[in-house]
2 protein chains.
Amino acid sequence: MIIPIALESHEDYSYEITIDSLPDLNFDNKVAIVTNPTIANYHLQTLLSKITAIDLQVVMVPDGEEYKTLQTVEDILNKLFEYKFDRKSLLIAFGGGVIGDMTGFTASLYQRGIDFIQIPTTLLAQVDASVGGKTGVNNQFGKNLIGAFYQPKAVYIDPYFLDTLPLREFAAGVAEMIKVAVTFDKGYFEFLQNADLYEKETLKNAIAKSVTIKADVVSQDEKEMGIRAALNYGHTFGHVVENETGYTKYLHGEAVAIGMVMANRLAVELGFLTPDDALQIEAMLKKFNLPTDYHIADVDNFYDHFFLDKKSAKNKIKFILPKGIGDCIISSEIHEDIVKKVLKTFGVK
Amino acid sequence: MIIPIALESHEDYSYEITIDSLPDLNFDNKVAIVTNPTIANYHLQTLLSKITAIDLQVVMVPDGEEYKTLQTVEDILNKLFEYKFDRKSLLIAFGGGVIGDMTGFTASLYQRGIDFIQIPTTLLAQVDASVGGKTGVNNQFGKNLIGAFYQPKAVYIDPYFLDTLPLREFAAGVAEMIKVAVTFDKGYFEFLQNADLYEKETLKNAIAKSVTIKADVVSQDEKEMGIRAALNYGHTFGHVVENETGYTKYLHGEAVAIGMVMANRLAVELGFLTPDDALQIEAMLKKFNLPTDYHIADVDNFYDHFFLDKKSAKNKIKFILPKGIGDCIISSEIHEDIVKKVLKTFGVK
């Protein structure tokens with residue numbers, strides 16, 4: 001199936017997401033596939049058998065979030081200059097979110113912008129990074145702090161690449177699907193409650209729905225001035241969890257799962273969400289073995305970490321709180337005392 | 001006077017260029033002025049006396065094209081993180097083209113984009129970099145090879161900052177004014193032939209006209225798919241001259257002046273330009289003591305250098321050739337032999 005993506009403000013930034021077995025791709029320009037040894041080991045031969053180009057290069061970057069840096073991007077850029085890539089050349093991001101974010105960012109920078117295509121190989125990248133145009137790298141101050149909004153020319157989502165994905169990473173992708181369901185679409189939430197996501201056709205439909213919801217949000221608000229912030233449900237808390245645990249203990253989706261439970265408890269405290277709805281969401285996370293609790297060693301310290309988040313403009317923390325299942329509230333006016341009261345209930349069993 | 005700038009493709013990317021004495025500027029957010037010691041020495045006190053902000057920082061970068069690198073941009077970014085700048089914070093580029101290009105690029109990258117304002121202090125930056133949204137840095141492979149298209153929120157052109165500009169740099173700015181006159185506007189060319197640019201009101205009018213012409217071109221073609229390439233008149237040749245002389249012998253505008261004479265001679269050879277028109281253009285360049293000849297040591301080598309230019313997609317060299325005065329032709333189909341024949345006539349006296 002094909003999902004058209006468009007941005008209301010920029011008529012020329014539109015592309016299609018194809019959810020199906022990867023088609024043959026023939027290019028009449030220079031192409032570089034950016035990938036890492038893990039993905040290459042499993043799937044590079046398959047990809048190479050599907051692509052023709054004037055000049056086809058493979059740029060290998062080390063596997064891992066710790067290499068998502070400006071230095072790695074500069075290394076990729078230098079390779080492209082050595083290959084004498086021009087403004088008509090094309091990059092293909094072949095991997096998970098780290099590869100996608102860095103490849104898109106590199107494409108945005110090379111000679112002030114060349115085209116790129118995404119072929120995401122993790123569920124998280126398929127449902128999340130494939131839409132929205134957020135590209136970038138981490139630095140010593142935090143995650144995704146340097147980057148660009150830059151849209152791909154096309155995205156190919158082939159669920160068969162997920163066959164080699166570890167179960168834990170699969171679940172981390174499901175967390176983002178649950179996220180958009182809770183904040184935007186009760187029907188999708190109910191679908192996910194009953195779906196067998198290990199069945200390929202069901203999975204394709206689930207991915208398509210998740211991508212469509214996100215695309216709808218992003219098309220209205222590319223630069224995250226308003227409604228797009230709702231996609232950060234679970235992330236305000238999740239980022240602190242990731243940061244406190246050195247980005248090693250939890251996968252991003254797992255930290256977001258914990259973050260959603262935290263946001264839910266705050267929403268219950270404020271009366272936006274019923275305890276029963278909160279339990280339903282938690283049950284769904286547990287169904288996929290996602291973590292739902294976390295030991296907060298120091299609540300004040302945890303709270304201070306919010307301010308490192310780039311969404312916290314002018315020292316206000318922006319919370320995304322579910323309003324029932326299928327809707328949400330964005331608020332920068334939640335009192336510190338209430339947030340800390342809720343934080344104190346975590347990891348105390 | 002105020003010149004509105006708009007891009008046809010992006011309704012939200014519009015801003016104004018104010019050509020006048022710098023007004024008082026009051027900001028209710030964090031602001032960093034990016035400048036260098038040379039400009040700061042002359043004009044920083046004046047600027048600081050005009051600006052108020054919640055938090056006002058000055059980020060000093062070394063003076064010179066050789067510091068227009070990704071490393072300097074990273075240094076600026078790190079300062080902004082240390083100052084805890086957020087997504088509502090603002091950068092002010094206060095200097096020439098190097099400062100403008102790096103500050104705009106930094107603004108595009110910081111948390112995926114914050115606002116920036118340009119206060120250009122060289123004539124070249126006032127007439128050229130103030131319009132078009134080209135930002136970026138150099139690397140070991142060439143000039144402006146890494147960057148972004150990113151528009152400022154406002155540009156303030158105060159001709160009084162030019163009082164401390166060396167005459168040679170003033171002339172380099174005039175070269176870009178002559179460039180747009182030759183390629184787009186015969187009336188403006190005739191105005192420049194008779195104008196006393198050292199008189200402030202005349203200079204303001206000349207800057208306004210140059211900016212208006214460039215803005216008109218850029219608004220039609222932000223990403224340089226078509227007509228915008230005409231702004232590279234003199235640059236195809238000029239970049240090679242700069243590169244061969246290690247970016248030290250000639251100012252950018254001076255190399256462009258030589259490049260225009262080269263393009264003109266090619267245009268005369270091909271019958272697009274009369275010898276008399278070519279002489280008129282050369283006379284105008286000489287009036288401002290701009291260089292019009294250059295010794296080409298090795299014509300084949302000079303020719304090969306064209307391919308380092310990022311405008312040369314798919315191994316075709318794009319030449320911008322004046323068609324009389326006030327119009328031009330863009331062609332990627334000029335035969336190598338003719339180009340080399342013309343190149344051989346340079347620096348042989």
# chains A, B, ... in the order shown; residues from 1 in each chain; ligands from 1
$ interface_residues --of "chain A" --to "chain B" --cutoff "6 Å" --atoms "only C-alpha atoms" --output "list in words"
His10, Asp86, Leu109, Tyr110, Gln111, Arg112, Leu145, Ile146, Gly147, Ala148 and Ala313 of chain A
$ write_last_selection --atoms "N, CA and C atoms" --output "PDB file, in the first residue's frame"
ATOM      1  N   HIS A  10       4.419  23.582   2.625  1.00  0.00           N
ATOM      2  CA  HIS A  10       5.426  23.498   1.562  1.00  0.00           C
ATOM      3  C   HIS A  10       4.950  22.551   0.481  1.00  0.00           C
ATOM      4  N   ASP A  86      27.522  14.805  -6.796  1.00  0.00           N
ATOM      5  CA  ASP A  86      27.079  16.153  -7.148  1.00  0.00           C
ATOM      6  C   ASP A  86      25.683  16.395  -6.595  1.00  0.00           C
ATOM      7  N   LEU A 109      22.929  18.526   4.348  1.00  0.00           N
ATOM      8  CA  LEU A 109      24.132  19.359   4.413  1.00  0.00           C
ATOM      9  C   LEU A 109      24.973  19.326   3.139  1.00  0.00           C
ATOM     10  N   TYR A 110      24.950  18.191   2.436  1.00  0.00           N
ATOM     11  CA  TYR A 110      25.867  18.020   1.300  1.00  0.00           C
ATOM     12  C   TYR A 110      25.509  19.003   0.184  1.00  0.00           C
ATOM     13  N   GLN A 111      26.407  19.942  -0.078  1.00  0.00           N
ATOM     14  CA  GLN A 111      26.172  20.970  -1.093  1.00  0.00           C
ATOM     15  C   GLN A 111      24.819  21.650  -0.886  1.00  0.00           C
ATOM     16  N   ARG A 112      24.492  21.864   0.385  1.00  0.00           N
ATOM     17  CA  ARG A 112      23.233  22.496   0.820  1.00  0.00           C
ATOM     18  C   ARG A 112      21.996  21.684   0.471  1.00  0.00           C
ATOM     19  N   LEU A 145      20.278  17.253  19.370  1.00  0.00           N
ATOM     20  CA  LEU A 145      20.339  18.691  19.630  1.00  0.00           C
ATOM     21  C   LEU A 145      20.866  19.477  18.434  1.00  0.00           C
ATOM     22  N   ILE A 146      21.495  18.776  17.482  1.00  0.00           N
ATOM     23  CA  ILE A 146      21.976  19.431  16.264  1.00  0.00           C
ATOM     24  C   ILE A 146      21.313  18.721  15.089  1.00  0.00           C
ATOM     25  N   GLY A 147      20.693  19.470  14.200  1.00  0.00           N
ATOM     26  CA  GLY A 147      20.030  18.786  13.098  1.00  0.00           C
ATOM     27  C   GLY A 147      19.284  19.720  12.176  1.00  0.00           C
ATOM     28  N   ALA A 148      18.417  19.139  11.377  1.00  0.00           N
ATOM     29  CA  ALA A 148      17.655  19.907  10.394  1.00  0.00           C
ATOM     30  C   ALA A 148      16.307  19.238  10.174  1.00  0.00           C
ATOM     31  N   ALA A 313      11.086  25.368  26.183  1.00  0.00           N
ATOM     32  CA  ALA A 313      11.462  26.742  25.868  1.00  0.00           C
ATOM     33  C   ALA A 313      11.203  27.645  27.064  1.00  0.00           C
TER      34      ALA A 313
END
$ residues_around --residues "A:Lys316" --least-positions-apart "5" --cutoff "10 Å" --atoms "only C-alpha atoms" --output "list in words"
Phe306, Phe307, Lys311, Ser331, Ser332, Glu333 and Ile334 of chain A
$ calpha_fit_and_write --fixed "chain B" --moving "chain A" --output "CSV table (one decimal) with C-alpha atoms, in the first residue's frame"
chain,number,residue,atom,x,y,z
A,1,MET,CA,13.8,52.1,3.0
A,2,ILE,CA,12.3,48.7,3.4
A,3,ILE,CA,12.4,45.8,0.9
A,4,PRO,CA,10.1,42.9,1.4
A,5,ILE,CA,11.6,39.5,0.6
A,6,ALA,CA,9.3,36.5,-0.1
A,7,LEU,CA,9.8,33.0,-1.6
A,8,GLU,CA,7.1,31.9,-3.9
A,9,SER,CA,7.2,28.3,-2.8
A,10,HIS,CA,7.2,29.0,1.0
A,11,GLU,CA,4.7,31.4,2.2
A,12,ASP,CA,6.1,31.4,5.8
A,13,TYR,CA,9.7,32.4,4.7
A,14,SER,CA,9.3,36.1,4.3
A,15,TYR,CA,11.2,38.9,5.9
A,16,GLU,CA,12.2,42.5,5.4
A,17,ILE,CA,15.5,44.2,4.5
A,18,THR,CA,15.8,47.6,6.1
A,19,ILE,CA,18.3,49.9,4.5
A,20,ASP,CA,18.9,52.7,6.9
A,21,SER,CA,20.7,53.6,10.2
A,22,LEU,CA,20.4,50.7,12.6
A,23,PRO,CA,17.2,51.1,14.7
A,24,ASP,CA,16.9,50.2,18.4
A,25,LEU,CA,16.2,46.5,18.7
A,26,ASN,CA,14.4,45.1,21.7
A,27,PHE,CA,14.1,41.3,22.2
A,28,ASP,CA,12.1,39.4,24.9
A,29,ASN,CA,14.3,36.3,24.4
A,30,LYS,CA,18.0,35.2,24.7
A,31,VAL,CA,20.2,36.7,22.0
A,32,ALA,CA,23.7,36.0,20.9
A,33,ILE,CA,25.7,38.3,18.6
A,34,VAL,CA,28.2,36.4,16.5
A,35,THR,CA,31.1,38.6,15.3
A,36,ASN,CA,34.9,38.7,15.0
A,37,PRO,CA,37.5,40.9,16.8
A,38,THR,CA,38.0,43.2,13.8
A,39,ILE,CA,34.3,44.2,13.5
A,40,ALA,CA,33.9,44.2,17.3
A,41,ASN,CA,36.8,46.6,17.7
A,42,TYR,CA,35.1,49.1,15.3
A,43,HIS,CA,31.4,48.6,15.9
A,44,LEU,CA,30.4,46.3,18.8
A,45,GLN,CA,29.8,49.2,21.3
A,46,THR,CA,27.5,50.8,18.8
A,47,LEU,CA,25.5,47.6,18.3
A,48,LEU,CA,25.3,46.8,22.0
A,49,SER,CA,23.9,50.3,22.7
A,50,LYS,CA,21.0,49.5,20.3
A,51,ILE,CA,20.1,46.1,21.6
A,52,THR,CA,18.2,44.9,24.7
A,53,ALA,CA,17.4,41.2,25.4
A,54,ILE,CA,16.6,38.9,28.3
A,55,ASP,CA,20.1,37.6,28.0
A,56,LEU,CA,22.6,39.1,25.6
A,57,GLN,CA,25.8,37.2,24.7
A,58,VAL,CA,28.6,37.9,22.3
A,59,VAL,CA,30.2,34.9,20.6
A,60,MET,CA,33.6,35.8,19.1
A,61,VAL,CA,35.0,33.8,16.2
A,62,PRO,CA,38.4,34.3,14.5
A,63,ASP,CA,38.5,36.7,11.5
A,64,GLY,CA,39.1,35.1,8.2
A,65,GLU,CA,37.8,32.7,5.5
A,66,GLU,CA,40.1,30.0,6.8
A,67,TYR,CA,38.0,29.7,9.9
A,68,LYS,CA,34.8,29.2,8.0
A,69,THR,CA,34.7,25.6,8.9
A,70,LEU,CA,32.4,23.0,10.5
A,71,GLN,CA,34.7,23.2,13.6
A,72,THR,CA,34.0,26.9,14.1
A,73,VAL,CA,30.2,26.2,13.7
A,74,GLU,CA,30.5,23.4,16.3
A,75,ASP,CA,32.3,25.8,18.7
A,76,ILE,CA,29.5,28.4,18.3
A,77,LEU,CA,26.9,25.6,18.9
A,78,ASN,CA,28.6,24.5,22.0
A,79,LYS,CA,28.6,28.1,23.3
A,80,LEU,CA,24.8,28.3,22.8
A,81,PHE,CA,24.3,25.0,24.6
A,82,GLU,CA,26.4,26.4,27.5
A,83,TYR,CA,24.3,29.5,27.6
A,84,LYS,CA,21.2,27.2,27.6
A,85,PHE,CA,19.7,28.8,24.6
A,86,ASP,CA,16.3,27.4,23.7
A,87,ARG,CA,14.2,27.2,20.5
A,88,LYS,CA,13.0,30.7,20.9
A,89,SER,CA,16.5,32.2,21.2
A,90,LEU,CA,18.0,34.3,18.5
A,91,LEU,CA,21.3,34.8,16.7
A,92,ILE,CA,22.6,38.0,15.2
A,93,ALA,CA,25.2,37.8,12.5
A,94,PHE,CA,27.3,40.9,12.8
A,95,GLY,CA,30.1,41.0,10.2
A,96,GLY,CA,30.8,40.2,6.6
A,97,GLY,CA,29.9,37.2,4.5
A,98,VAL,CA,31.9,34.7,6.5
A,99,ILE,CA,30.1,35.7,9.7
A,100,GLY,CA,26.7,35.7,8.0
A,101,ASP,CA,27.2,32.3,6.3
A,102,MET,CA,28.4,30.6,9.6
A,103,THR,CA,25.8,32.3,11.8
A,104,GLY,CA,22.9,31.4,9.5
A,105,PHE,CA,24.2,27.8,9.3
A,106,THR,CA,24.5,27.6,13.0
A,107,ALA,CA,21.0,28.9,13.5
A,108,SER,CA,19.7,26.3,11.1
A,109,LEU,CA,21.4,23.5,13.1
A,110,TYR,CA,20.7,24.5,16.7
A,111,GLN,CA,17.9,22.3,17.9
A,112,ARG,CA,16.9,21.9,14.2
A,113,GLY,CA,16.6,25.7,13.7
A,114,ILE,CA,16.3,28.9,15.6
A,115,ASP,CA,15.8,32.4,14.3
A,116,PHE,CA,18.6,34.7,13.1
A,117,ILE,CA,19.0,38.3,12.0
A,118,GLN,CA,21.7,39.6,9.7
A,119,ILE,CA,23.5,42.9,10.3
A,120,PRO,CA,26.0,42.8,7.4
A,121,THR,CA,29.0,45.1,7.8
A,122,THR,CA,30.7,44.8,4.4
A,123,LEU,CA,29.2,45.9,1.1
A,124,LEU,CA,29.5,42.4,-0.3
A,125,ALA,CA,27.5,40.9,2.5
A,126,GLN,CA,25.0,43.8,2.3
A,127,VAL,CA,24.2,43.3,-1.4
A,128,ASP,CA,24.9,39.6,-1.7
A,129,ALA,CA,24.6,37.4,1.4
A,130,SER,CA,21.6,39.5,2.8
A,131,VAL,CA,19.4,37.8,0.2
A,132,GLY,CA,19.1,34.2,-0.8
A,133,GLY,CA,19.4,32.1,2.4
A,134,LYS,CA,22.6,30.4,1.4
A,135,THR,CA,24.5,29.4,4.5
A,136,GLY,CA,27.4,27.1,5.1
A,137,VAL,CA,31.1,26.5,5.5
A,138,ASN,CA,34.1,25.4,3.5
A,139,ASN,CA,36.0,22.2,3.8
A,140,GLN,CA,39.2,20.6,2.3
A,141,PHE,CA,37.3,19.9,-0.9
A,142,GLY,CA,36.2,23.5,-1.6
A,143,LYS,CA,34.1,26.5,-0.6
A,144,ASN,CA,30.5,26.4,0.7
A,145,LEU,CA,30.3,22.7,0.2
A,146,ILE,CA,28.5,22.0,3.5
A,147,GLY,CA,25.5,24.1,4.4
A,148,ALA,CA,21.8,24.7,4.3
A,149,PHE,CA,19.2,27.0,2.7
A,150,TYR,CA,18.0,29.0,5.7
A,151,GLN,CA,16.3,32.4,5.6
A,152,PRO,CA,16.9,35.1,8.2
A,153,LYS,CA,14.0,36.7,10.1
A,154,ALA,CA,15.2,40.2,9.2
A,155,VAL,CA,18.2,42.0,7.7
A,156,TYR,CA,19.4,45.5,8.7
A,157,ILE,CA,21.7,47.2,6.2
A,158,ASP,CA,23.3,50.3,7.7
A,159,PRO,CA,25.7,51.9,5.2
A,160,TYR,CA,27.5,53.8,8.0
A,161,PHE,CA,29.2,50.5,9.0
A,162,LEU,CA,31.0,50.7,5.7
A,163,ASP,CA,32.9,53.8,6.8
A,164,THR,CA,35.6,51.5,8.3
A,165,LEU,CA,35.7,49.1,5.4
A,166,PRO,CA,38.9,49.1,3.4
A,167,LEU,CA,38.5,50.5,-0.2
A,168,ARG,CA,39.5,47.3,-1.7
A,169,GLU,CA,36.7,45.4,0.1
A,170,PHE,CA,34.3,48.1,-0.9
A,171,ALA,CA,35.2,47.6,-4.6
A,172,ALA,CA,34.8,43.8,-4.1
A,173,GLY,CA,31.2,44.5,-3.1
A,174,VAL,CA,30.6,46.8,-6.1
A,175,ALA,CA,31.7,43.8,-8.3
A,176,GLU,CA,28.6,41.9,-7.2
A,177,MET,CA,26.4,45.0,-8.0
A,178,ILE,CA,27.9,45.1,-11.5
A,179,LYS,CA,27.2,41.4,-11.7
A,180,VAL,CA,23.5,41.7,-11.2
A,181,ALA,CA,23.3,44.8,-13.4
A,182,VAL,CA,25.0,43.0,-16.4
A,183,THR,CA,22.9,39.9,-16.1
A,184,PHE,CA,19.5,41.4,-15.3
A,185,ASP,CA,19.1,45.2,-15.6
A,186,LYS,CA,20.6,47.5,-18.2
A,187,GLY,CA,19.1,50.5,-16.5
A,188,TYR,CA,20.9,49.7,-13.3
A,189,PHE,CA,24.1,49.2,-15.2
A,190,GLU,CA,23.8,52.7,-16.7
A,191,PHE,CA,23.0,54.1,-13.2
A,192,LEU,CA,26.1,52.5,-11.8
A,193,GLN,CA,28.2,54.0,-14.7
A,194,ASN,CA,27.4,57.5,-13.5
A,195,ALA,CA,26.8,57.0,-9.8
A,196,ASP,CA,29.0,58.3,-7.0
A,197,LEU,CA,28.8,55.3,-4.6
A,198,TYR,CA,30.8,57.1,-2.0
A,199,GLU,CA,27.8,59.4,-1.4
A,200,LYS,CA,25.5,57.7,1.2
A,201,GLU,CA,22.1,58.3,-0.3
A,202,THR,CA,23.3,57.2,-3.8
A,203,LEU,CA,24.9,54.1,-2.1
A,204,LYS,CA,21.6,53.3,-0.3
A,205,ASN,CA,19.7,53.5,-3.6
A,206,ALA,CA,22.3,51.3,-5.3
A,207,ILE,CA,22.2,48.7,-2.6
A,208,ALA,CA,18.5,48.7,-2.6
A,209,LYS,CA,18.4,48.1,-6.4
A,210,SER,CA,20.9,45.3,-6.2
A,211,VAL,CA,19.0,43.6,-3.3
A,212,THR,CA,15.7,44.0,-5.1
A,213,ILE,CA,17.1,42.4,-8.3
A,214,LYS,CA,18.5,39.5,-6.4
A,215,ALA,CA,15.4,39.1,-4.2
A,216,ASP,CA,13.3,38.9,-7.4
A,217,VAL,CA,15.5,36.1,-8.8
A,218,VAL,CA,15.7,34.1,-5.5
A,219,SER,CA,11.9,34.4,-4.8
A,220,GLN,CA,11.3,32.5,-8.1
A,221,ASP,CA,14.0,29.9,-7.6
A,222,GLU,CA,15.2,29.4,-4.0
A,223,LYS,CA,17.0,26.1,-4.6
A,224,GLU,CA,18.8,27.2,-7.8
A,225,MET,CA,17.0,24.9,-10.2
A,226,GLY,CA,16.9,27.5,-12.9
A,227,ILE,CA,17.2,31.2,-13.2
A,228,ARG,CA,19.0,31.6,-9.8
A,229,ALA,CA,22.1,30.1,-11.5
A,230,ALA,CA,22.5,33.4,-13.4
A,231,LEU,CA,23.7,34.9,-10.1
A,232,ASN,CA,26.8,32.8,-10.6
A,233,TYR,CA,27.9,35.0,-13.5
A,234,GLY,CA,31.6,35.4,-13.0
A,235,HIS,CA,31.7,32.8,-10.4
A,236,THR,CA,32.3,29.7,-12.5
A,237,PHE,CA,35.7,31.2,-13.6
A,238,GLY,CA,36.1,33.2,-10.4
A,239,HIS,CA,36.0,30.1,-8.1
A,240,VAL,CA,38.9,28.5,-10.1
A,241,VAL,CA,40.9,31.7,-9.8
A,242,GLU,CA,40.3,31.8,-6.1
A,243,ASN,CA,41.2,28.1,-5.7
A,244,GLU,CA,44.4,28.4,-7.9
A,245,THR,CA,45.6,31.4,-5.8
A,246,GLY,CA,44.9,29.7,-2.5
A,247,TYR,CA,42.0,32.1,-1.5
A,248,THR,CA,44.6,34.6,-0.4
A,249,LYS,CA,45.6,36.8,-3.4
A,250,TYR,CA,42.1,37.9,-4.4
A,251,LEU,CA,39.1,38.9,-2.4
A,252,HIS,CA,36.0,37.0,-3.6
A,253,GLY,CA,34.6,40.0,-5.4
A,254,GLU,CA,37.9,40.5,-7.1
A,255,ALA,CA,38.0,37.0,-8.4
A,256,VAL,CA,34.4,37.4,-9.6
A,257,ALA,CA,35.5,40.5,-11.5
A,258,ILE,CA,38.2,38.5,-13.3
A,259,GLY,CA,35.6,35.8,-13.8
A,260,MET,CA,33.2,38.2,-15.4
A,261,VAL,CA,35.8,39.3,-17.9
A,262,MET,CA,36.5,35.7,-18.7
A,263,ALA,CA,32.8,35.0,-19.1
A,264,ASN,CA,32.4,38.1,-21.3
A,265,ARG,CA,35.2,37.0,-23.6
A,266,LEU,CA,33.6,33.6,-24.0
A,267,ALA,CA,30.3,35.4,-24.7
A,268,VAL,CA,31.9,37.6,-27.3
A,269,GLU,CA,33.5,34.5,-28.9
A,270,LEU,CA,30.1,32.8,-29.1
A,271,GLY,CA,28.4,36.0,-30.4
A,272,PHE,CA,26.2,36.7,-27.4
A,273,LEU,CA,27.9,39.9,-26.4
A,274,THR,CA,29.4,42.7,-28.6
A,275,PRO,CA,33.1,43.6,-28.1
A,276,ASP,CA,31.9,47.1,-27.2
A,277,ASP,CA,29.6,45.9,-24.4
A,278,ALA,CA,32.4,43.7,-23.1
A,279,LEU,CA,34.7,46.8,-23.0
A,280,GLN,CA,32.0,48.8,-21.2
A,281,ILE,CA,31.8,46.2,-18.5
A,282,GLU,CA,35.6,46.0,-18.2
A,283,ALA,CA,35.8,49.8,-17.9
A,284,MET,CA,33.3,49.8,-15.1
A,285,LEU,CA,35.3,47.2,-13.2
A,286,LYS,CA,38.5,49.2,-13.7
A,287,LYS,CA,36.7,52.3,-12.5
A,288,PHE,CA,36.7,50.6,-9.1
A,289,ASN,CA,40.2,49.3,-9.4
A,290,LEU,CA,39.0,45.7,-9.7
A,291,PRO,CA,41.3,43.3,-11.4
A,292,THR,CA,40.4,42.3,-15.0
A,293,ASP,CA,43.3,40.0,-16.0
A,294,TYR,CA,44.8,36.8,-14.6
A,295,HIS,CA,47.8,34.7,-15.7
A,296,ILE,CA,46.6,31.1,-16.4
A,297,ALA,CA,49.6,28.9,-16.0
A,298,ASP,CA,48.0,25.8,-17.4
A,299,VAL,CA,44.8,26.0,-19.3
A,300,ASP,CA,44.0,22.3,-19.1
A,301,ASN,CA,44.5,22.3,-15.3
A,302,PHE,CA,42.3,25.5,-15.0
A,303,TYR,CA,39.6,23.7,-17.0
A,304,ASP,CA,39.7,20.6,-14.9
A,305,HIS,CA,39.1,22.7,-11.8
A,306,PHE,CA,35.6,23.6,-13.0
A,307,PHE,CA,34.5,20.1,-12.1
A,308,LEU,CA,35.2,20.8,-8.4
A,309,ASP,CA,32.4,23.3,-8.5
A,310,LYS,CA,29.2,22.1,-7.0
A,311,LYS,CA,27.2,23.6,-9.8
A,312,SER,CA,28.7,21.2,-12.2
A,313,ALA,CA,26.2,18.4,-11.9
A,314,LYS,CA,26.9,15.2,-13.8
A,315,ASN,CA,30.2,16.4,-15.2
A,316,LYS,CA,28.6,19.3,-17.2
A,317,ILE,CA,30.0,22.8,-16.6
A,318,LYS,CA,27.3,25.5,-16.4
A,319,PHE,CA,28.4,28.8,-17.9
A,320,ILE,CA,26.5,32.1,-17.3
A,321,LEU,CA,27.1,34.3,-20.3
A,322,PRO,CA,25.8,37.8,-20.7
A,323,LYS,CA,23.5,38.4,-23.7
A,324,GLY,CA,24.1,42.0,-24.3
A,325,ILE,CA,24.0,44.1,-21.1
A,326,GLY,CA,21.0,43.3,-18.9
A,327,ASP,CA,20.3,39.8,-19.9
A,328,CYS,CA,22.1,36.4,-19.9
A,329,ILE,CA,22.2,32.9,-21.1
A,330,ILE,CA,22.7,29.8,-18.9
A,331,SER,CA,24.4,26.9,-20.9
A,332,SER,CA,25.9,23.6,-20.0
A,333,GLU,CA,26.7,22.8,-23.6
A,334,ILE,CA,29.7,25.0,-24.4
A,335,HIS,CA,32.4,23.0,-26.1
A,336,GLU,CA,35.6,22.4,-24.2
A,337,ASP,CA,37.7,23.6,-27.2
A,338,ILE,CA,36.0,27.0,-27.3
A,339,VAL,CA,36.4,27.5,-23.6
A,340,LYS,CA,40.1,26.6,-23.7
A,341,LYS,CA,40.7,28.9,-26.7
A,342,VAL,CA,39.3,31.8,-24.7
A,343,LEU,CA,41.2,30.9,-21.5
A,344,LYS,CA,44.5,30.9,-23.6
A,345,THR,CA,44.0,34.7,-24.2
A,346,PHE,CA,44.4,35.5,-20.5
A,347,GLY,CA,47.5,36.8,-18.8
A,348,VAL,CA,49.6,36.5,-22.0
A,349,LYS,CA,50.6,40.2,-22.3
$ select_by_dssp --residues "stretch 197-343 of chain A" --states "strand (DSSP E)" --output "mmCIF file with N, CA and C atoms, in the first residue's frame"
data_model
loop_
_atom_site.group_PDB
_atom_site.id
_atom_site.type_symbol
_atom_site.label_atom_id
_atom_site.label_comp_id
_atom_site.auth_asym_id
_atom_site.auth_seq_id
_atom_site.Cartn_x
_atom_site.Cartn_y
_atom_site.Cartn_z
ATOM 1 N N PHE A 319 4.246 19.305 29.067
ATOM 2 C CA PHE A 319 3.771 17.941 29.297
ATOM 3 C C PHE A 319 2.663 17.580 28.309
ATOM 4 N N ILE A 320 2.738 16.339 27.791
ATOM 5 C CA ILE A 320 1.693 15.810 26.932
ATOM 6 C C ILE A 320 0.915 14.800 27.765
ATOM 7 N N LEU A 321 -0.338 15.074 28.005
ATOM 8 C CA LEU A 321 -1.125 14.244 28.916
ATOM 9 C C LEU A 321 -2.346 13.690 28.195
ATOM 10 N N PRO A 322 -2.529 12.341 28.238
ATOM 11 C CA PRO A 322 -3.707 11.793 27.564
ATOM 12 C C PRO A 322 -4.997 12.294 28.214
ATOM 13 N N CYS A 328 -5.525 14.123 23.661
ATOM 14 C CA CYS A 328 -4.519 14.536 24.641
ATOM 15 C C CYS A 328 -4.514 16.039 24.847
ATOM 16 N N ILE A 329 -3.836 16.428 25.891
ATOM 17 C CA ILE A 329 -3.710 17.840 26.266
ATOM 18 C C ILE A 329 -2.228 18.178 26.293
ATOM 19 N N ILE A 330 -1.876 19.348 25.762
ATOM 20 C CA ILE A 330 -0.495 19.828 25.840
ATOM 21 C C ILE A 330 -0.485 20.985 26.826
ATOM 22 N N SER A 331 0.308 20.876 27.883
ATOM 23 C CA SER A 331 0.303 21.957 28.875
ATOM 24 C C SER A 331 1.708 22.275 29.378
#
